[in-house]
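**Q** This is the content of query15.cif (mmCIF, C-alpha atoms and all ligand atoms):
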```cif
data_coords
loop_
_atom_site.group_PDB
_atom_site.id
_atom_site.type_symbol
_atom_site.label_atom_id
_atom_site.label_comp_id
_atom_site.auth_asym_id
_atom_site.auth_seq_id
_atom_site.Cartn_x
_atom_site.Cartn_y
_atom_site.Cartn_z
ATOM 1 C CA MET A 1 12.513 27.606 -26.098
ATOM 2 C CA LEU A 2 11.561 26.449 -22.632
ATOM 3 C CA ILE A 3 8.035 25.123 -22.155
ATOM 4 C CA VAL A 4 6.816 24.123 -18.715
ATOM 5 C CA ILE A 5 3.784 21.983 -17.944
ATOM 6 C CA GLU A 6 2.618 22.837 -14.427
ATOM 7 C CA GLY A 7 -0.225 21.529 -12.278
ATOM 8 C CA ILE A 8 -1.154 19.973 -8.951
ATOM 9 C CA ASP A 9 0.388 16.663 -7.902
ATOM 10 C CA GLY A 10 -0.804 13.895 -10.217
ATOM 11 C CA SER A 11 -2.396 16.248 -12.759
ATOM 12 C CA GLY A 12 -0.643 14.573 -15.697
ATOM 13 C CA LYS A 13 2.396 16.838 -16.098
ATOM 14 C CA SER A 14 4.966 14.192 -16.999
ATOM 15 C CA THR A 15 2.615 12.206 -19.255
ATOM 16 C CA THR A 16 1.638 15.371 -21.131
ATOM 17 C CA ALA A 17 5.140 16.852 -21.312
ATOM 18 C CA ALA A 18 6.497 13.695 -22.978
ATOM 19 C CA LEU A 19 3.714 13.749 -25.584
ATOM 20 C CA VAL A 20 4.153 17.468 -26.274
ATOM 21 C CA ALA A 21 7.890 16.970 -26.885
ATOM 22 C CA GLU A 22 7.083 14.134 -29.312
ATOM 23 C CA ARG A 23 4.788 16.426 -31.288
ATOM 24 C CA LEU A 24 7.160 19.341 -31.735
ATOM 25 C CA ASN A 25 9.676 19.724 -34.513
ATOM 26 C CA ASP A 26 12.892 21.545 -33.803
ATOM 27 C CA PRO A 27 15.526 22.479 -36.401
ATOM 28 C CA HIS A 28 18.164 22.318 -33.645
ATOM 29 C CA GLY A 29 17.565 18.661 -32.770
ATOM 30 C CA SER A 30 14.894 16.558 -31.107
ATOM 31 C CA PRO A 31 12.888 18.429 -28.506
ATOM 32 C CA VAL A 32 13.947 17.348 -25.047
ATOM 33 C CA HIS A 33 11.485 16.197 -22.430
ATOM 34 C CA GLY A 34 12.952 16.623 -18.999
ATOM 35 C CA GLY A 35 12.212 16.463 -15.333
ATOM 36 C CA LYS A 36 13.439 18.888 -12.718
ATOM 37 C CA THR A 37 15.530 16.189 -11.069
ATOM 38 C CA ASP A 38 17.495 15.263 -14.224
ATOM 39 C CA ILE A 39 21.042 16.522 -13.815
ATOM 40 C CA GLY A 40 22.278 16.250 -17.391
ATOM 41 C CA PRO A 41 25.826 15.541 -18.541
ATOM 42 C CA ALA A 42 28.422 16.467 -15.898
ATOM 43 C CA GLY A 43 31.648 15.288 -14.311
ATOM 44 C CA GLU A 44 31.738 12.737 -11.495
ATOM 45 C CA GLU A 45 32.265 15.288 -8.738
ATOM 46 C CA THR A 46 29.446 17.529 -9.973
ATOM 47 C CA VAL A 47 27.069 14.597 -10.317
ATOM 48 C CA ALA A 48 27.925 13.427 -6.790
ATOM 49 C CA ARG A 49 27.244 16.880 -5.335
ATOM 50 C CA ALA A 50 24.026 17.357 -7.272
ATOM 51 C CA THR A 51 22.858 13.863 -6.307
ATOM 52 C CA ARG A 52 23.351 14.626 -2.614
ATOM 53 C CA LEU A 53 21.248 17.784 -2.871
ATOM 54 C CA ARG A 54 18.597 16.073 -4.977
ATOM 55 C CA ASP A 55 18.310 13.202 -2.504
ATOM 56 C CA LEU A 56 18.063 15.624 0.384
ATOM 57 C CA ILE A 57 15.054 17.264 -1.235
ATOM 58 C CA TRP A 58 13.258 14.443 -3.017
ATOM 59 C CA SER A 59 14.494 11.050 -1.836
ATOM 60 C CA THR A 60 14.722 11.302 1.909
ATOM 61 C CA THR A 61 12.002 9.582 3.868
ATOM 62 C CA GLU A 62 9.563 12.229 4.991
ATOM 63 C CA SER A 63 7.968 11.870 8.374
ATOM 64 C CA GLY A 64 4.322 12.788 8.902
ATOM 65 C CA THR A 65 5.176 16.308 9.996
ATOM 66 C CA ASP A 66 7.535 18.965 8.716
ATOM 67 C CA THR A 67 10.415 19.054 11.192
ATOM 68 C CA PHE A 68 12.508 21.655 9.397
ATOM 69 C CA GLY A 69 9.929 24.163 8.181
ATOM 70 C CA ALA A 70 8.935 25.703 4.868
ATOM 71 C CA ALA A 71 11.865 28.160 4.710
ATOM 72 C CA HIS A 72 14.353 25.291 4.989
ATOM 73 C CA TRP A 73 12.741 23.375 2.122
ATOM 74 C CA ILE A 74 12.267 26.278 -0.235
ATOM 75 C CA LEU A 75 15.889 27.388 0.266
ATOM 76 C CA LEU A 76 17.068 23.879 -0.644
ATOM 77 C CA ILE A 77 14.767 23.816 -3.675
ATOM 78 C CA ALA A 78 15.925 27.279 -4.819
ATOM 79 C CA SER A 79 19.498 26.072 -4.457
ATOM 80 C CA TRP A 80 18.662 23.073 -6.649
ATOM 81 C CA TYR A 81 17.189 25.219 -9.419
ATOM 82 C CA ALA A 82 20.059 27.734 -9.286
ATOM 83 C CA GLY A 83 22.497 24.879 -9.897
ATOM 84 C CA LEU A 84 20.306 23.185 -12.494
ATOM 85 C CA ALA A 85 20.248 26.351 -14.577
ATOM 86 C CA ARG A 86 24.031 25.964 -14.938
ATOM 87 C CA LEU A 87 24.242 22.181 -15.272
ATOM 88 C CA ARG A 88 21.640 21.642 -17.969
ATOM 89 C CA PRO A 89 22.610 23.067 -21.377
ATOM 90 C CA ASP A 90 19.000 22.757 -22.525
ATOM 91 C CA LEU A 91 17.973 25.142 -19.747
ATOM 92 C CA ALA A 92 20.536 27.833 -20.621
ATOM 93 C CA PRO A 93 18.922 31.111 -21.765
ATOM 94 C CA ASP A 94 20.681 31.009 -25.144
ATOM 95 C CA HIS A 95 19.949 27.341 -25.878
ATOM 96 C CA PRO A 96 18.382 27.252 -29.354
ATOM 97 C CA GLY A 97 16.459 23.990 -28.953
ATOM 98 C CA VAL A 98 13.097 23.153 -27.425
ATOM 99 C CA CYS A 99 12.844 21.744 -23.914
ATOM 100 C CA VAL A 100 9.556 20.635 -22.356
ATOM 101 C CA MET A 101 9.741 20.364 -18.572
ATOM 102 C CA ASP A 102 7.199 18.529 -16.446
ATOM 103 C CA GLY A 103 6.817 20.949 -13.575
ATOM 104 C CA TRP A 104 8.963 23.830 -12.463
ATOM 105 C CA TYR A 105 9.410 25.539 -9.108
ATOM 106 C CA TYR A 106 5.985 27.186 -9.083
ATOM 107 C CA ARG A 107 4.298 24.357 -7.196
ATOM 108 C CA ASN A 108 6.976 24.633 -4.539
ATOM 109 C CA ILE A 109 6.255 28.341 -4.131
ATOM 110 C CA ALA A 110 2.545 27.588 -3.868
ATOM 111 C CA LYS A 111 3.134 24.943 -1.192
ATOM 112 C CA THR A 112 5.462 27.197 0.742
ATOM 113 C CA VAL A 113 3.102 30.159 0.998
ATOM 114 C CA VAL A 114 0.274 27.817 1.965
ATOM 115 C CA ARG A 115 2.412 26.206 4.661
ATOM 116 C CA GLU A 116 3.744 29.250 6.488
ATOM 117 C CA PRO A 117 3.147 33.011 6.440
ATOM 118 C CA LEU A 118 6.428 33.799 4.704
ATOM 119 C CA ASP A 119 6.649 36.944 2.570
ATOM 120 C CA PRO A 120 5.673 35.726 -0.948
ATOM 121 C CA ARG A 121 7.988 38.344 -2.516
ATOM 122 C CA TRP A 122 10.926 36.906 -0.579
ATOM 123 C CA VAL A 123 9.985 33.359 -1.609
ATOM 124 C CA GLU A 124 9.692 34.342 -5.286
ATOM 125 C CA SER A 125 12.956 36.325 -5.152
ATOM 126 C CA LEU A 126 14.867 33.129 -4.303
ATOM 127 C CA PHE A 127 14.243 31.952 -7.854
ATOM 128 C CA ALA A 128 15.530 35.093 -9.566
ATOM 129 C CA PRO A 129 18.540 33.240 -11.075
ATOM 130 C CA VAL A 130 16.286 30.672 -12.734
ATOM 131 C CA ARG A 131 15.277 31.058 -16.334
ATOM 132 C CA GLU A 132 11.748 32.267 -16.976
ATOM 133 C CA PRO A 133 10.016 29.819 -19.351
ATOM 134 C CA ASP A 134 8.810 31.021 -22.747
ATOM 135 C CA LEU A 135 5.492 29.342 -22.075
ATOM 136 C CA VAL A 136 3.934 27.864 -18.941
ATOM 137 C CA VAL A 137 0.881 25.666 -19.400
ATOM 138 C CA LEU A 138 -1.179 25.082 -16.278
ATOM 139 C CA LEU A 139 -3.021 21.753 -16.484
ATOM 140 C CA ASP A 140 -5.960 22.744 -14.334
ATOM 141 C CA VAL A 141 -7.161 19.321 -13.225
ATOM 142 C CA ALA A 142 -9.525 18.811 -10.286
ATOM 143 C CA PRO A 143 -7.911 17.017 -7.315
ATOM 144 C CA GLU A 144 -10.647 14.356 -7.423
ATOM 145 C CA VAL A 145 -9.637 13.507 -10.986
ATOM 146 C CA ALA A 146 -5.937 13.377 -10.140
ATOM 147 C CA TRP A 147 -6.660 11.144 -7.141
ATOM 148 C CA SER A 148 -8.829 8.689 -9.054
ATOM 149 C CA ARG A 149 -6.231 8.288 -11.796
ATOM 150 C CA ARG A 150 -3.388 7.542 -9.443
ATOM 151 C CA ALA A 151 -4.953 5.906 -6.407
ATOM 152 C CA GLY A 152 -8.117 4.370 -7.868
ATOM 153 C CA ALA A 153 -11.581 5.866 -7.491
ATOM 154 C CA ALA A 154 -12.696 3.573 -4.664
ATOM 155 C CA ASP A 155 -9.486 3.776 -2.713
ATOM 156 C CA THR A 156 -10.098 6.353 0.007
ATOM 157 C CA ASP A 157 -8.346 4.819 2.994
ATOM 158 C CA THR A 158 -4.866 4.239 1.659
ATOM 159 C CA ALA A 159 -2.570 6.853 0.241
ATOM 160 C CA GLY A 160 -2.294 5.181 -3.181
ATOM 161 C CA GLY A 161 0.907 6.405 -4.758
ATOM 162 C CA PHE A 162 0.835 9.773 -3.011
ATOM 163 C CA LYS A 163 3.397 10.975 -0.496
ATOM 164 C CA ASP A 164 2.539 12.481 2.880
ATOM 165 C CA THR A 165 3.449 15.927 1.563
ATOM 166 C CA GLU A 166 1.079 15.481 -1.394
ATOM 167 C CA ILE A 167 -1.784 14.499 0.915
ATOM 168 C CA GLY A 168 -1.256 17.637 2.993
ATOM 169 C CA ARG A 169 -0.009 15.867 6.110
ATOM 170 C CA TRP A 170 2.577 18.642 6.632
ATOM 171 C CA ASP A 171 -0.155 21.232 6.298
ATOM 172 C CA GLY A 172 -2.616 20.102 8.949
ATOM 173 C CA PHE A 173 -4.852 17.916 6.744
ATOM 174 C CA THR A 174 -5.560 14.913 8.940
ATOM 175 C CA GLY A 175 -8.614 13.146 7.474
ATOM 176 C CA PRO A 176 -8.784 10.048 5.261
ATOM 177 C CA PRO A 177 -6.170 10.207 2.483
ATOM 178 C CA ARG A 178 -8.558 10.965 -0.386
ATOM 179 C CA ALA A 179 -10.366 13.756 1.469
ATOM 180 C CA SER A 180 -7.072 15.237 2.667
ATOM 181 C CA PHE A 181 -5.521 15.081 -0.780
ATOM 182 C CA CYS A 182 -8.511 16.786 -2.396
ATOM 183 C CA ALA A 183 -8.723 19.530 0.238
ATOM 184 C CA TYR A 184 -4.975 20.258 0.224
ATOM 185 C CA GLN A 185 -4.541 20.082 -3.537
ATOM 186 C CA GLY A 186 -7.617 22.304 -3.935
ATOM 187 C CA VAL A 187 -5.766 25.001 -2.021
ATOM 188 C CA ILE A 188 -2.612 24.496 -4.118
ATOM 189 C CA ARG A 189 -4.730 24.609 -7.277
ATOM 190 C CA GLY A 190 -6.065 27.990 -6.157
ATOM 191 C CA GLN A 191 -2.524 29.283 -5.678
ATOM 192 C CA LEU A 192 -1.471 28.019 -9.116
ATOM 193 C CA LEU A 193 -4.472 29.697 -10.735
ATOM 194 C CA ARG A 194 -3.539 32.942 -8.972
ATOM 195 C CA MET A 195 0.022 32.653 -10.293
ATOM 196 C CA ALA A 196 -1.323 31.858 -13.766
ATOM 197 C CA GLY A 197 -3.341 35.063 -13.749
ATOM 198 C CA GLU A 198 -0.437 37.157 -12.488
ATOM 199 C CA ARG A 199 2.123 35.648 -14.838
ATOM 200 C CA GLY A 200 0.100 35.192 -18.002
ATOM 201 C CA TRP A 201 0.216 31.398 -18.216
ATOM 202 C CA LEU A 202 -1.885 29.361 -20.594
ATOM 203 C CA VAL A 203 -4.554 27.640 -18.484
ATOM 204 C CA LEU A 204 -5.989 24.405 -19.864
ATOM 205 C CA THR A 205 -9.022 22.912 -18.145
ATOM 206 C CA PRO A 206 -9.430 19.575 -19.906
ATOM 207 C CA ASP A 207 -12.518 17.419 -19.484
ATOM 208 C CA ALA A 208 -11.873 14.575 -17.053
ATOM 209 C CA ASP A 209 -12.034 12.153 -20.000
ATOM 210 C CA ALA A 210 -9.758 14.145 -22.345
ATOM 211 C CA THR A 211 -6.938 11.869 -23.434
ATOM 212 C CA PRO A 212 -3.324 12.879 -22.806
ATOM 213 C CA GLU A 213 -2.854 12.817 -26.600
ATOM 214 C CA ALA A 214 -5.661 15.335 -27.186
ATOM 215 C CA ILE A 215 -4.284 17.619 -24.473
ATOM 216 C CA ALA A 216 -0.784 17.360 -25.953
ATOM 217 C CA ASP A 217 -2.138 18.171 -29.438
ATOM 218 C CA THR A 218 -3.680 21.379 -28.098
ATOM 219 C CA ILE A 219 -0.497 22.435 -26.324
ATOM 220 C CA ALA A 220 1.735 21.606 -29.293
ATOM 221 C CA GLU A 221 -0.517 23.668 -31.545
ATOM 222 C CA ARG A 222 -0.275 26.615 -29.160
ATOM 223 C CA VAL A 223 3.518 26.287 -29.011
ATOM 224 C CA ARG A 224 3.725 26.277 -32.826
ATOM 225 C CA THR A 225 1.724 29.497 -32.885
ATOM 226 C CA LEU A 226 3.986 31.106 -30.299
ATOM 227 C CA GLY A 227 7.271 29.630 -31.535
ATOM 228 C CA GLY A 228 7.875 31.761 -34.574
ATOM 229 C CA ARG A 229 6.846 34.963 -32.868
ATOM 230 C CA ALA A 230 8.821 34.285 -29.689
ATOM 231 C CA ARG A 231 12.081 34.308 -31.623
ATOM 232 C CA THR A 232 11.460 37.548 -33.467
ATOM 233 C CA PRO A 233 12.134 40.980 -31.986
ATOM 234 C CA GLY A 234 9.031 42.755 -30.824
ATOM 235 C CA PRO A 235 6.618 41.583 -28.138
ATOM 236 C CA SER A 236 8.366 40.149 -25.101
ATOM 237 C CA PRO A 237 7.854 36.471 -24.214
ATOM 238 C CA ARG A 238 5.806 37.751 -21.257
ATOM 239 C CA ALA A 239 3.494 39.654 -23.571
ATOM 240 C CA LEU A 240 3.186 36.611 -25.788
ATOM 241 C CA ARG A 241 2.292 34.450 -22.845
ATOM 242 C CA GLY A 242 -0.297 36.960 -21.739
ATOM 243 C CA GLU A 243 -1.798 36.896 -25.194
ATOM 244 C CA ALA A 244 -2.015 33.098 -25.013
ATOM 245 C CA THR A 245 -3.901 32.942 -21.725
ATOM 246 C CA GLY A 246 -7.237 31.155 -22.084
ATOM 247 C CA THR A 247 -8.907 27.821 -21.752
ATOM 248 C CA GLY A 248 -8.201 24.733 -23.758
ATOM 249 C CA PRO A 249 -9.735 21.432 -24.764
ATOM 250 C CA GLY A 250 -12.964 20.375 -23.214
HETATM 251 N N1 LIG A 301 -5.400 12.934 -19.652
HETATM 252 C C1 LIG A 301 -5.275 11.855 -18.875
HETATM 253 N N2 LIG A 301 -6.291 10.970 -18.786
HETATM 254 C C2 LIG A 301 -6.208 9.873 -17.996
HETATM 255 N N3 LIG A 301 -5.133 9.558 -17.258
HETATM 256 C C3 LIG A 301 -4.091 10.399 -17.294
HETATM 257 C C4 LIG A 301 -4.088 11.594 -18.093
HETATM 258 N N4 LIG A 301 -2.906 12.242 -17.909
HETATM 259 C C5 LIG A 301 -2.207 11.489 -17.035
HETATM 260 N N5 LIG A 301 -2.898 10.377 -16.678
HETATM 261 C C6 LIG A 301 -2.490 9.350 -15.705
HETATM 262 O O1 LIG A 301 -2.522 9.993 -14.423
HETATM 263 C C7 LIG A 301 -1.464 9.529 -13.609
HETATM 264 C C8 LIG A 301 -0.613 10.727 -13.172
HETATM 265 O O2 LIG A 301 0.016 11.283 -14.334
HETATM 266 P P1 LIG A 301 1.469 11.912 -14.275
HETATM 267 O O3 LIG A 301 2.419 11.014 -13.560
HETATM 268 O O4 LIG A 301 1.811 12.319 -15.662
HETATM 269 O O5 LIG A 301 1.164 13.177 -13.372
HETATM 270 P P2 LIG A 301 2.207 14.220 -12.745
HETATM 271 O O6 LIG A 301 1.472 15.499 -12.660
HETATM 272 O O7 LIG A 301 3.471 14.208 -13.517
HETATM 273 O O8 LIG A 301 2.431 13.598 -11.309
HETATM 274 P P3 LIG A 301 3.476 14.081 -10.166
HETATM 275 O O9 LIG A 301 3.014 15.403 -9.691
HETATM 276 O O10 LIG A 301 3.323 13.050 -9.103
HETATM 277 O O11 LIG A 301 4.835 14.088 -10.784
HETATM 278 C C9 LIG A 301 -0.702 8.517 -14.430
HETATM 279 O O12 LIG A 301 -1.187 7.247 -14.084
HETATM 280 C C10 LIG A 301 -1.075 8.850 -15.872
HETATM 281 O O13 LIG A 301 -1.025 7.725 -16.713
HETATM 282 C C1 LIG A 302 8.182 24.014 1.291
HETATM 283 C C2 LIG A 302 7.742 22.654 0.931
HETATM 284 C C3 LIG A 302 8.653 21.763 0.560
HETATM 285 N N1 LIG A 302 8.292 20.519 0.272
HETATM 286 C C4 LIG A 302 9.399 19.657 -0.067
HETATM 287 C C5 LIG A 302 9.393 18.315 0.533
HETATM 288 C C6 LIG A 302 9.475 17.388 -0.607
HETATM 289 O O1 LIG A 302 10.633 16.597 -0.493
HETATM 290 C C7 LIG A 302 9.592 18.241 -1.842
HETATM 291 C C8 LIG A 302 8.524 17.868 -2.803
HETATM 292 O O2 LIG A 302 8.656 18.619 -3.925
HETATM 293 P P1 LIG A 302 7.767 18.349 -5.230
HETATM 294 O O3 LIG A 302 8.421 19.195 -6.277
HETATM 295 O O4 LIG A 302 6.383 18.770 -4.884
HETATM 296 O O5 LIG A 302 7.880 16.880 -5.509
HETATM 297 O O6 LIG A 302 9.443 19.565 -1.465
HETATM 298 C C9 LIG A 302 6.980 20.155 0.265
HETATM 299 O O7 LIG A 302 6.607 19.033 -0.069
HETATM 300 N N2 LIG A 302 6.038 21.036 0.654
HETATM 301 C C10 LIG A 302 6.382 22.288 0.978
HETATM 302 O O8 LIG A 302 5.502 23.103 1.352
#
```
Could you write out this file's structure as structure tokens?
Ligand SMILES: Nc1ncnc2c1ncn2[C@@H]1O[C@H](COP(=O)(O)OP(=O)(O)OP(=O)(O)O)[C@@H](O)[C@H]1O
Ligand SMILES: Cc1cn([C@H]2C[C@H](O)[C@@H](COP(=O)(O)O)O2)c(=O)[nH]c1=O

**A**
Amino acid sequence: MLIVIEGIDGSGKSTTAALVAERLNDPHGSPVHGGKTDIGPAGEETVARATRLRDLIWSTTESGTDTFGAAHWILLIASWYAGLARLRPDLAPDHPGVCVMDGWYYRNIAKTVVREPLDPRWVESLFAPVREPDLVVLLDVAPEVAWSRRAGAADTDTAGGFKDTEIGRWDGFTGPPRASFCAYQGVIRGQLLRMAGERGWLVLTPDADATPEAIADTIAERVRTLGGRARTPGPSPRALRGEATGTGPG
């Protein structure tokens, strides 16, 4: 079973995903908590190739503007996910265990269609080889909340821990870092909510003071409810996800 925690930058995806994995029992072994950049077990040559691609996407120094363009980036990212689907046994469609991923490619699609007027159907089609999760949980956190957690509430003039791309510098947002982050991430949040509606994700809108543990408890409970049914013939995982759409703690 593949569970994905999605949300804007800094919304708490990795914190929550780790806690959800801790809370789930799995007869096939311990639930795995993973990140999209984890390669998994592989030979030296494969690891070297994957590392080069990963660094090209996530570890290269990004200048203040996007030199290469949204199509370039999304093609690289689609290439990463196509390979990952084959490298990571826990992401294989027939893997019996539970994997909780912090983030998937959805945020990349959102950023791409915000950046340039590319055909959204073409952008989405690039990810056709990638496994569809059994459940996607959108942590619908306000950008102001995400900013204050990471950068500090009073810190408006420095970028805190956020990258230029997260502050919207590639997307024409030029103001002080906090204002730019909130404006840009507000647009991305809107795109993610649109995708949630179209794809039947579970949308959680936690109170700003909801603890990660409380949020993880809610998600784990929802997964337990879905888990048994998702493995039995009958309603498709998509139908089950649609059934689960709603709001959560807070
Ligand atoms: N419910 C919460 N309440 C308070 N702080 C939280 C909560 N969830 C996460 N945090 C804190 O917010 C910050 C960002 O969380 P985290 O790194 O999990 O977000 P993320 O969505 O994975 O970020 P990124 O998009 O950069 O990968 C961290 O400092 C984390 O400890
Ligand atoms: C299309 C597009 C791509 N990127 C690129 C540049 C960054 O290296 C990574 C960041 O990905 P993450 O999953 O959000 O960490 O993707 C981007 O930042 N914005 C875009 O619109």

**Q** Rank nothing, just name the residue among A:Val141, A:Ile109, A:Ile5, A:Ala92 nearest to A:Cys182, using all atoms listed in the file.

**A**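 For A:Cys182, the nearest of the candidates is A:Val141.
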
**Q** Just the residues within 8 Å of A:Leu24, please, counting all atoms listed in the file, with nothing from its chain fewer than 6 positions along; format it as a tab-separated table (two decimals) with C-alpha atoms, in the frame of the given file.

**A**
```
chain	number	residue	atom	x	y	z
A	31	PRO	CA	12.89	18.43	-28.51
A	220	ALA	CA	1.74	21.61	-29.29
A	224	ARG	CA	3.72	26.28	-32.83
```

**Q** Stretch 33-35 of chain A: which residues within 6 Å, counting only C-alpha atoms, same-chain residues fewer than 2 positions away excluded, as a PDB file with C-alpha atoms, keeping the file's coordinate frame?

**A**
```pdb
ATOM      1  CA  ALA A  18       6.497  13.695 -22.978  1.00  0.00           C
ATOM      2  CA  ALA A  21       7.890  16.970 -26.885  1.00  0.00           C
ATOM      3  CA  THR A  37      15.530  16.189 -11.069  1.00  0.00           C
ATOM      4  CA  ASP A  38      17.495  15.263 -14.224  1.00  0.00           C
ATOM      5  CA  CYS A  99      12.844  21.744 -23.914  1.00  0.00           C
ATOM      6  CA  VAL A 100       9.556  20.635 -22.356  1.00  0.00           C
ATOM      7  CA  MET A 101       9.741  20.364 -18.572  1.00  0.00           C
ATOM      8  CA  ASP A 102       7.199  18.529 -16.446  1.00  0.00           C
TER       9      ASP A 102
END
```

**Q** Sorted by chain and rising residue number, which residues of stretch 66-123 of chain A lie within 10 Å of stretch 157-177 of chain A, and what are their closest atom pairs and distances in Å to one decimal, counting all atoms listed in the file, as JSON lines?

**A**
```
{"residue": "A:Asp66", "atom": "CA", "partner": "A:Trp170", "partner_atom": "CA", "distance": 5.4}
{"residue": "A:Thr67", "atom": "CA", "partner": "A:Trp170", "partner_atom": "CA", "distance": 9.1}
{"residue": "A:Gly69", "atom": "CA", "partner": "A:Trp170", "partner_atom": "CA", "distance": 9.3}
{"residue": "A:Ala70", "atom": "CA", "partner": "A:Trp170", "partner_atom": "CA", "distance": 9.7}
{"residue": "A:Lys111", "atom": "CA", "partner": "A:Asp171", "partner_atom": "CA", "distance": 9.0}
{"residue": "A:Thr112", "atom": "CA", "partner": "A:Asp171", "partner_atom": "CA", "distance": 9.9}
{"residue": "A:Val114", "atom": "CA", "partner": "A:Asp171", "partner_atom": "CA", "distance": 7.9}
{"residue": "A:Arg115", "atom": "CA", "partner": "A:Asp171", "partner_atom": "CA", "distance": 5.8}
{"residue": "A:Glu116", "atom": "CA", "partner": "A:Asp171", "partner_atom": "CA", "distance": 8.9}
```

**Q** Can I get the residues close to ligand LIG 301 (chain A) as an MDAnalysis selection string, where close means within 7 Å and we count all atoms listed in the file?

**A** chainID A and resid 7:16 102 146 149:150 208:212 215

**Q** From (1.7, 26.9, -8.5), in the file's coordinates, out to 7 Å: which residues are reached, counting only C-alpha atoms? Answer as a ChimeraX atom specification.

**A** /A:7,106-110,188-189,191-192,195

**Q** Which one is closest to ligand LIG 302 (chain A): A:Val187, A:Val223, A:Ala82, A:Ile77? Count all atoms listed in the file.

**A**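 The answer is A:Ile77, which sits nearest to ligand LIG 302 (chain A).
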
**Q** The PyMOL selection byres (((chain A and resi 121-126) around 7) and not hetatm) - which residues does that actually catch in the file I just gave you? List them as a list in words.

**A**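 This file gives the following for the PyMOL selection byres (((chain A and resi 121-126) around 7) and not hetatm): Ala78, Ile109, Asp119, Pro120, Phe127 and Ala128 of chain A.
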